[in-house]
Amino acid sequence: MKKTDILFILFLTLVQNIFPQQIIQLGAYNNNPDFVNKYHLNRCLLSTIGGIRFMDVTCLPTPTVAASLPNPLGSFPMAMEVNGNYAYFGGGMTGYFMIADISNMNSPFQTGLISSINGTGYRIAVNGNYAYMPTNADTLHAIDITNKNAPFVVKRLYIGGQGTGVVVNGSYAYVAVNGVGIRVVNISSPSTMSITTTFPGTYSDLVADIPNSRIFASNGSGFNAISISNPTVLSVLFTGTGGGANGKLEYNNGYVFQVGNQNVSAFQVGGSSATYKATFTGTSQEISVSAKDSVFYFSAVSTLYVLKYSQMAVSTGIDNLNEPTLKAVIYPNPSSGIIKIKQEKISDGTFALFNS
């Protein structure tokens, strides 16, 4: 191991002892009201009463409206999904299912619409030529989306309660049903789909980690990681608690973000555990979260927040520590008292030390 590599490890360990885990606000779009959001290609699709807005989230600290779509039937969507060049929306106060072409993110347009959906959809899962949307009318809809201009419902399945989340993997759909648990639905033939089994519990949302054959299910105190290796026999792998959150979930790049009561929390997840990291508190009723790596987008009724989970409170410039001219020794490490920095041959160097 090179001396500079050792110095980097020492410095990083010191930083981890000095700086707390935290969530930093990078920017915000103030609008009332905002509802669900979905990140895609430097845009955050945002549901509002005024329409579906495609927010340019590279314009920080104030994201700007780059494009928009009118709300179908005059009703804002409460469910969103993006798959390839298309976005899918489920109706809010009016039940509907809409498809939009977003191949040009600056000029999206509606292609297909179904106005005969039973109830409000809160999640949509797309699998091949079919979309699956549970609603608060106790119904799971299987929708043929082969023709994006003319989607149609091939099956309405009674699921015994309000459907609030859905994940699809292979021949099975996993549906969070309020007051029931997780319905496992065989979708090998979407037009004749049927309930295979039920995993009991109280779950309000689901997100998938398909490569690891598991789903994350939001519950009253946090979330459960649930194995779907055997679709007919689900099992809890571990739980995530500590953020006081129990709402919408997002999984991205080893992190789970969870909406709670006026807050959103970040958890790092491994193969057998979840570690609570930090919580960000908003200013009004919280609705939805989506993410791109450590940057995530948190929509409250009054604001779309652009947030970043970070180990460090400020920029430290640690990327330059591998340069041969930067030679420094920091000791003792860790320390709760005096910290000494020994440096040599640094022509332009600055050390800044911050407490928590």
# chains A, B, ... in the order shown; residues from 1 in each chain; ligands from 1
$ residues_around --residues "Phe223 in chain A" --least-positions-apart "5" --cutoff "12 Å" --atoms "only C-alpha atoms" --output "MDAnalysis selection string"
chainID A and resid 201:207 215:218 236:251 256:260 265:267 269 273:276
$ write_last_selection --atoms "N, CA, C and O atoms" --output "short mmCIF file (atom, residue, chain, number, x, y, z; two decimals), in the first residue's frame"
data_model
loop_
_atom_site.label_atom_id
_atom_site.label_comp_id
_atom_site.auth_asym_id
_atom_site.auth_seq_id
_atom_site.Cartn_x
_atom_site.Cartn_y
_atom_site.Cartn_z
N GLY A 201 -49.31 -8.97 7.11
CA GLY A 201 -48.59 -7.83 7.66
C GLY A 201 -49.29 -6.54 7.31
O GLY A 201 -50.32 -6.54 6.62
N THR A 202 -48.73 -5.42 7.78
CA THR A 202 -49.29 -4.11 7.48
C THR A 202 -48.25 -3.34 6.68
O THR A 202 -47.26 -2.85 7.23
N TYR A 203 -48.46 -3.26 5.37
CA TYR A 203 -47.49 -2.64 4.48
C TYR A 203 -48.17 -1.59 3.62
O TYR A 203 -49.24 -1.83 3.06
N SER A 204 -47.50 -0.43 3.48
CA SER A 204 -48.09 0.68 2.73
C SER A 204 -47.40 0.94 1.40
O SER A 204 -47.93 1.70 0.58
N ASP A 205 -46.23 0.35 1.15
CA ASP A 205 -45.55 0.57 -0.12
C ASP A 205 -44.51 -0.52 -0.33
O ASP A 205 -44.05 -1.15 0.63
N LEU A 206 -44.14 -0.74 -1.59
CA LEU A 206 -43.14 -1.74 -1.94
C LEU A 206 -42.19 -1.17 -2.99
O LEU A 206 -42.61 -0.43 -3.88
N VAL A 207 -40.90 -1.51 -2.88
CA VAL A 207 -39.94 -1.26 -3.94
C VAL A 207 -39.07 -2.51 -4.10
O VAL A 207 -38.95 -3.31 -3.17
N ILE A 215 -37.58 -7.57 -1.83
CA ILE A 215 -38.33 -6.33 -1.90
C ILE A 215 -38.24 -5.64 -0.55
O ILE A 215 -37.99 -6.27 0.48
N PHE A 216 -38.44 -4.33 -0.57
CA PHE A 216 -38.51 -3.56 0.67
C PHE A 216 -39.96 -3.11 0.84
O PHE A 216 -40.56 -2.55 -0.08
N ALA A 217 -40.49 -3.38 2.03
CA ALA A 217 -41.90 -3.13 2.30
C ALA A 217 -42.05 -2.18 3.47
O ALA A 217 -41.58 -2.46 4.58
N SER A 218 -42.68 -1.04 3.22
CA SER A 218 -42.87 -0.03 4.26
C SER A 218 -43.93 -0.47 5.25
O SER A 218 -45.01 -0.95 4.88
N VAL A 236 -39.02 -12.56 5.99
CA VAL A 236 -38.37 -11.31 6.35
C VAL A 236 -36.89 -11.56 6.57
O VAL A 236 -36.50 -12.44 7.36
N LEU A 237 -36.04 -10.80 5.89
CA LEU A 237 -34.60 -10.92 6.03
C LEU A 237 -34.07 -10.04 7.16
O LEU A 237 -33.25 -10.46 7.96
N PHE A 238 -34.52 -8.79 7.20
CA PHE A 238 -34.14 -7.85 8.26
C PHE A 238 -35.07 -6.65 8.20
O PHE A 238 -35.90 -6.53 7.28
N THR A 239 -34.95 -5.79 9.18
CA THR A 239 -35.80 -4.60 9.26
C THR A 239 -34.95 -3.34 9.25
O THR A 239 -33.76 -3.36 9.59
N GLY A 240 -35.56 -2.24 8.87
CA GLY A 240 -34.93 -0.93 8.92
C GLY A 240 -35.75 0.00 9.78
O GLY A 240 -36.92 0.24 9.48
N THR A 241 -35.18 0.47 10.87
CA THR A 241 -35.87 1.37 11.78
C THR A 241 -34.92 2.49 12.22
O THR A 241 -33.72 2.40 12.03
N GLY A 242 -35.49 3.52 12.80
CA GLY A 242 -34.66 4.59 13.33
C GLY A 242 -35.02 5.95 12.79
O GLY A 242 -34.70 6.97 13.39
N GLY A 243 -35.69 5.99 11.64
CA GLY A 243 -36.02 7.28 11.06
C GLY A 243 -37.42 7.76 11.39
O GLY A 243 -37.79 8.87 11.04
N GLY A 244 -38.19 6.91 12.04
CA GLY A 244 -39.56 7.29 12.35
C GLY A 244 -40.39 7.46 11.10
O GLY A 244 -41.30 8.28 11.06
N ALA A 245 -40.07 6.70 10.05
CA ALA A 245 -40.73 6.85 8.77
C ALA A 245 -41.52 5.61 8.42
O ALA A 245 -41.15 4.50 8.77
N ASN A 246 -42.64 5.78 7.72
CA ASN A 246 -43.45 4.62 7.36
C ASN A 246 -44.20 4.81 6.05
O ASN A 246 -45.17 4.13 5.79
N GLY A 247 -43.74 5.74 5.21
CA GLY A 247 -44.46 6.03 3.98
C GLY A 247 -43.78 5.48 2.75
O GLY A 247 -43.20 4.41 2.76
N LYS A 248 -43.86 6.24 1.65
CA LYS A 248 -43.32 5.83 0.36
C LYS A 248 -41.83 5.50 0.45
O LYS A 248 -41.08 6.08 1.24
N LEU A 249 -41.40 4.54 -0.39
CA LEU A 249 -40.02 4.08 -0.41
C LEU A 249 -39.38 4.31 -1.77
O LEU A 249 -40.06 4.35 -2.79
N GLU A 250 -38.06 4.44 -1.75
CA GLU A 250 -37.26 4.43 -2.96
C GLU A 250 -35.99 3.66 -2.66
O GLU A 250 -35.37 3.86 -1.60
N TYR A 251 -35.58 2.77 -3.56
CA TYR A 251 -34.31 2.05 -3.41
C TYR A 251 -33.40 2.43 -4.55
O TYR A 251 -33.80 2.39 -5.72
N VAL A 256 -31.94 2.90 0.90
CA VAL A 256 -33.39 3.03 0.93
C VAL A 256 -33.72 4.40 1.49
O VAL A 256 -33.20 4.80 2.53
N PHE A 257 -34.58 5.13 0.77
CA PHE A 257 -35.08 6.41 1.24
C PHE A 257 -36.56 6.22 1.55
O PHE A 257 -37.30 5.65 0.75
N GLN A 258 -36.97 6.70 2.73
CA GLN A 258 -38.34 6.44 3.18
C GLN A 258 -39.00 7.71 3.69
O GLN A 258 -38.45 8.45 4.51
N VAL A 259 -40.20 7.96 3.16
CA VAL A 259 -40.99 9.12 3.57
C VAL A 259 -41.69 8.83 4.89
O VAL A 259 -42.19 7.72 5.11
N GLY A 260 -41.71 9.82 5.77
CA GLY A 260 -42.40 9.69 7.03
C GLY A 260 -43.32 10.86 7.28
O GLY A 260 -43.78 11.52 6.34
N SER A 265 -36.09 9.78 5.42
CA SER A 265 -34.91 9.20 6.06
C SER A 265 -34.12 8.36 5.07
O SER A 265 -34.66 7.81 4.12
N ALA A 266 -32.81 8.28 5.32
CA ALA A 266 -31.91 7.49 4.49
C ALA A 266 -31.38 6.31 5.30
O ALA A 266 -30.99 6.46 6.46
N PHE A 267 -31.37 5.13 4.67
CA PHE A 267 -30.84 3.91 5.27
C PHE A 267 -29.86 3.28 4.28
O PHE A 267 -30.14 3.21 3.09
N VAL A 269 -28.34 -0.20 3.09
CA VAL A 269 -28.75 -1.60 3.22
C VAL A 269 -27.67 -2.51 2.66
O VAL A 269 -27.05 -2.23 1.64
N SER A 273 -28.64 -6.51 6.75
CA SER A 273 -29.00 -5.47 7.72
C SER A 273 -29.23 -4.14 7.02
O SER A 273 -28.82 -3.93 5.88
N ALA A 274 -29.91 -3.25 7.75
CA ALA A 274 -30.13 -1.87 7.30
C ALA A 274 -29.63 -0.95 8.40
O ALA A 274 -29.91 -1.17 9.58
N THR A 275 -28.89 0.08 8.02
CA THR A 275 -28.34 1.03 8.98
C THR A 275 -28.95 2.40 8.74
O THR A 275 -28.80 2.97 7.66
N TYR A 276 -29.63 2.91 9.76
CA TYR A 276 -30.20 4.26 9.65
C TYR A 276 -29.07 5.27 9.59
O TYR A 276 -28.11 5.22 10.35
#
$ closest_atom_pairs --of "range 1-105 of chain A" --to "range 129-135 of chain A" --cutoff "10 Å" --atoms "only C-alpha atoms" --output "JSON lines"
{"residue": "A:Ala79", "atom": "CA", "partner": "A:Met133", "partner_atom": "CA", "distance": 8.6}
{"residue": "A:Glu81", "atom": "CA", "partner": "A:Ala131", "partner_atom": "CA", "distance": 9.6}
{"residue": "A:Tyr88", "atom": "CA", "partner": "A:Ala131", "partner_atom": "CA", "distance": 8.6}
{"residue": "A:Phe89", "atom": "CA", "partner": "A:Met133", "partner_atom": "CA", "distance": 9.7}
{"residue": "A:Gly90", "atom": "CA", "partner": "A:Met133", "partner_atom": "CA", "distance": 7.7}
{"residue": "A:Gly91", "atom": "CA", "partner": "A:Thr135", "partner_atom": "CA", "distance": 9.6}
{"residue": "A:Gly95", "atom": "CA", "partner": "A:Thr135", "partner_atom": "CA", "distance": 8.6}
{"residue": "A:Phe97", "atom": "CA", "partner": "A:Met133", "partner_atom": "CA", "distance": 8.7}
$ write_last_selection --atoms "N, CA and C atoms" --output "PDB file, in the first residue's frame"
ATOM      1  N   ALA A  79     -49.776   8.066  -9.249  1.00  0.00           N
ATOM      2  CA  ALA A  79     -48.853   6.963  -9.549  1.00  0.00           C
ATOM      3  C   ALA A  79     -48.068   7.322 -10.803  1.00  0.00           C
ATOM      4  N   GLU A  81     -44.573   5.859 -13.322  1.00  0.00           N
ATOM      5  CA  GLU A  81     -43.491   4.927 -13.621  1.00  0.00           C
ATOM      6  C   GLU A  81     -42.902   5.306 -14.967  1.00  0.00           C
ATOM      7  N   TYR A  88     -45.714   6.368 -17.463  1.00  0.00           N
ATOM      8  CA  TYR A  88     -47.050   5.842 -17.179  1.00  0.00           C
ATOM      9  C   TYR A  88     -47.591   6.532 -15.931  1.00  0.00           C
ATOM     10  N   PHE A  89     -48.865   6.916 -15.991  1.00  0.00           N
ATOM     11  CA  PHE A  89     -49.457   7.695 -14.915  1.00  0.00           C
ATOM     12  C   PHE A  89     -50.792   7.079 -14.499  1.00  0.00           C
ATOM     13  N   GLY A  90     -51.035   7.064 -13.177  1.00  0.00           N
ATOM     14  CA  GLY A  90     -52.306   6.608 -12.643  1.00  0.00           C
ATOM     15  C   GLY A  90     -53.043   7.758 -12.000  1.00  0.00           C
ATOM     16  N   GLY A  91     -54.357   7.814 -12.202  1.00  0.00           N
ATOM     17  CA  GLY A  91     -55.151   8.965 -11.805  1.00  0.00           C
ATOM     18  C   GLY A  91     -55.254   9.197 -10.316  1.00  0.00           C
ATOM     19  N   GLY A  95     -60.165   8.001 -11.577  1.00  0.00           N
ATOM     20  CA  GLY A  95     -59.418   6.817 -11.978  1.00  0.00           C
ATOM     21  C   GLY A  95     -59.089   6.837 -13.459  1.00  0.00           C
ATOM     22  N   PHE A  97     -55.599   5.682 -16.477  1.00  0.00           N
ATOM     23  CA  PHE A  97     -54.251   5.214 -16.766  1.00  0.00           C
ATOM     24  C   PHE A  97     -53.810   5.908 -18.048  1.00  0.00           C
TER      25      PHE A  97
END
$ closest_residue --among "A:Gly27, A:Gly282, A:Pro77, A:Gly165" --to "Thr58 in chain A" --atoms "only C-alpha atoms"
A:Gly27
$ residues_around --residues "Val167 in chain A" --least-positions-apart "5" --cutoff "9 Å" --atoms "only C-alpha atoms" --output "PyMOL selection string"
chain A and resi 123-126+132+172-176+206-208+215
$ atom_distance --atom1 "CA of Leu73 in chain A" --atom2 "CA of Met55 in chain A"
22.0 Å
$ select_by_dssp --residues "range 108-255 of chain A" --states "helix (DSSP H, G or I)" --output "PyMOL selection string"
chain A and resi 190-192+210-212
$ write_last_selection --atoms "all heavy atoms" --output "compact mmCIF listing (two decimals), in the first residue's frame"
# COMPACT_ATOMS: atom_id res chain seq x y z
N PRO A 190 -51.47 -12.75 -17.93
CA PRO A 190 -52.08 -11.56 -17.34
C PRO A 190 -53.60 -11.53 -17.42
O PRO A 190 -54.27 -11.01 -16.51
CB PRO A 190 -51.46 -10.41 -18.15
CG PRO A 190 -50.15 -10.96 -18.63
CD PRO A 190 -50.41 -12.40 -18.90
N SER A 191 -54.17 -12.09 -18.47
CA SER A 191 -55.63 -12.05 -18.62
C SER A 191 -56.34 -12.99 -17.68
O SER A 191 -57.56 -12.89 -17.46
CB SER A 191 -56.01 -12.39 -20.07
OG SER A 191 -55.59 -13.70 -20.42
N THR A 192 -55.59 -13.93 -17.05
CA THR A 192 -56.20 -14.85 -16.08
C THR A 192 -55.40 -14.85 -14.77
O THR A 192 -55.36 -15.87 -14.08
CB THR A 192 -56.26 -16.28 -16.65
OG1 THR A 192 -54.93 -16.72 -16.98
CG2 THR A 192 -57.14 -16.33 -17.90
N ILE A 210 -34.36 -6.43 -7.36
CA ILE A 210 -34.47 -7.70 -8.07
C ILE A 210 -33.16 -8.47 -8.13
O ILE A 210 -33.14 -9.70 -7.95
CB ILE A 210 -35.03 -7.47 -9.49
CG1 ILE A 210 -36.44 -6.86 -9.41
CG2 ILE A 210 -35.05 -8.76 -10.28
CD1 ILE A 210 -37.43 -7.67 -8.62
N PRO A 211 -31.99 -7.82 -8.35
CA PRO A 211 -30.74 -8.60 -8.40
C PRO A 211 -30.49 -9.40 -7.14
O PRO A 211 -29.82 -10.45 -7.18
CB PRO A 211 -29.67 -7.52 -8.61
CG PRO A 211 -30.38 -6.41 -9.29
CD PRO A 211 -31.74 -6.40 -8.69
N ASN A 212 -30.99 -8.93 -6.01
CA ASN A 212 -30.81 -9.65 -4.74
C ASN A 212 -32.06 -10.40 -4.30
O ASN A 212 -32.15 -10.83 -3.14
CB ASN A 212 -30.37 -8.67 -3.65
CG ASN A 212 -28.97 -8.14 -3.89
OD1 ASN A 212 -28.02 -8.90 -4.05
ND2 ASN A 212 -28.84 -6.81 -3.93
$ atom_distance --atom1 "CA of Gly119 in chain A" --atom2 "CA of Lys155 in chain A"
14.7 Å
$ closest_residue --among "A:Ala28, A:Ala100, A:Ile341, A:Val153" --to "Ser116 in chain A" --atoms "only C-alpha atoms"
A:Val153
$ residues_around --residues "Ser107 in chain A" --least-positions-apart "2" --cutoff "12 Å" --atoms "only C-alpha atoms" --output "VMD selection string"
chain A and resid 53 to 54 65 to 69 100 to 105 109 to 110
$ select_by_dssp --residues "range 94-292 of chain A" --states "strand (DSSP E)" --output "JSON, numbers by chain"
{"A": [97, 98, 99, 100, 101, 109, 110, 111, 112, 113, 114, 125, 126, 127, 130, 131, 132, 133, 134, 139, 140, 141, 142, 143, 144, 152, 153, 154, 155, 156, 157, 158, 163, 164, 165, 166, 167, 168, 169, 172, 173, 174, 175, 176, 177, 181, 182, 183, 184, 185, 186, 194, 195, 196, 197, 198, 199, 200, 205, 206, 207, 208, 209, 214, 215, 216, 217, 218, 219, 222, 223, 224, 225, 226, 227, 235, 236, 237, 238, 239, 240, 241, 245, 246, 247, 248, 249, 250, 251, 252, 255, 256, 257, 258, 259, 260, 263, 264, 265, 266, 267, 268, 269, 274, 275, 276, 277, 278, 279, 280, 281, 286, 287, 288, 289, 290, 291, 292]}
$ closest_residue --among "A:Asn106, A:Asn118, A:Ser189, A:Thr281" --to "Gln162 in chain A" --atoms "only C-alpha atoms"
A:Asn118
$ closest_residue --among "A:Gln262, A:Asn83, A:Thr120, A:Ser272" --to "Thr303 in chain A" --atoms "only C-alpha atoms"
A:Gln262
$ residues_around --residues "Thr196 in chain A" --least-positions-apart "3" --cutoff "10 Å" --atoms "only C-alpha atoms" --output "PyMOL selection string"
chain A and resi 172-173+183-187+193+231-232
$ atom_distance --atom1 "CA of Thr48 in chain A" --atom2 "CA of Phe296 in chain A"
18.6 Å
